[in-house]
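Everything on this sheet refers to the single structure shown next.
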Amino acid sequence: MHILIAEDEAKTSAYLVKGLTENGFTADTAMDGRAALRLAQEHIYDALVLDVMLPVLDGWSVVNQLRASGNHTPVLFLTARDRVEDRVRGLELGGDDYLVKPFAFSELLARLRSLLRRGTQIQAEILYLADLSIDPVRHRAERSGQTLKLTPKEFALLALLVRNAGKVLSRLYIAENVWGVDFDTQTNVVDVVIRRLRSKVDAPFDGPLIHTVRGLGYVLEKR
């Protein structure tokens, strides 16, 4: 597995390279966001480990530009910023997990392996429900023949709902399967993404597909 580490603290970068190498990975390093973006665009990596507060171009901007260009390589953010708002921002921009400094390498390794496992679980078939279609490989969603402009997390959540059409999914289940991390119970990121999905998937078309089941969660079905 080939990992890109974008970290401007030399000691932390060397620590990560040593630990990953000892566990069978190969790793490239970047000391600023612009270099990280260039490497991620020029090479194929299995995952990216990005410090948020990188010089020149911050980690959020790196991920935002990668996702906008269609690059969906799994991203693990590293940062000393532990506010809920910061975690939500990073995940909403397309990050897959978030680890606050200081951290134990064993936890980073476990989270990284979890990201890599999820990356191999992408299903190739096109998914359908009513006039909605999802192409997981091309990261493309359409309703009534119109392409839906979705963020990476909106797409992942919609694909999860389609795969489980007719089943009520709890907020915790959605968080674990879309983000792969445990959220503070006060974090409403799932509800925020659901609202955005509804504005794109339901509002412009006849008949809503995303429904709230009070006290339980959400379900995708044609009623």
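Ligands are numbered from 1 in the order shown, residues from 1 within each chain, and chains are lettered A, B, ... in the order they appear in the structure tokens.
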Query raised in the report: Could you pull out all residues of chain A with a DSSP call of strand (DSSP E) and give them as a PyMOL selection string?
Result: chain A and resi 2-6+26-30+47-51+75-79+97-100+127-129+132-135+140-143+146-147+210-213+217-220
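Compared by their closest atoms to Gly94 of chain A, and using only C-alpha atoms, the residues A:Ala80, A:Leu109, A:Ile174, A:Val193 rank with A:Val193 nearest.
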Query raised in the report: Which one is closest to Met1 of chain A: A:Leu115, A:Val88, A:Leu197, A:Met31? Count only C-alpha atoms.
Result: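 Smallest separation from Met1 of chain A among the options: A:Leu115.
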Query raised in the report: What is the distance, in Å and to one decimal place, between atom CA of Glu42 of chain A and atom CA of Val56 of chain A?
Result: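 For atom CA of Glu42 of chain A relative to atom CA of Val56 of chain A, the distance reads 18.7 Å.
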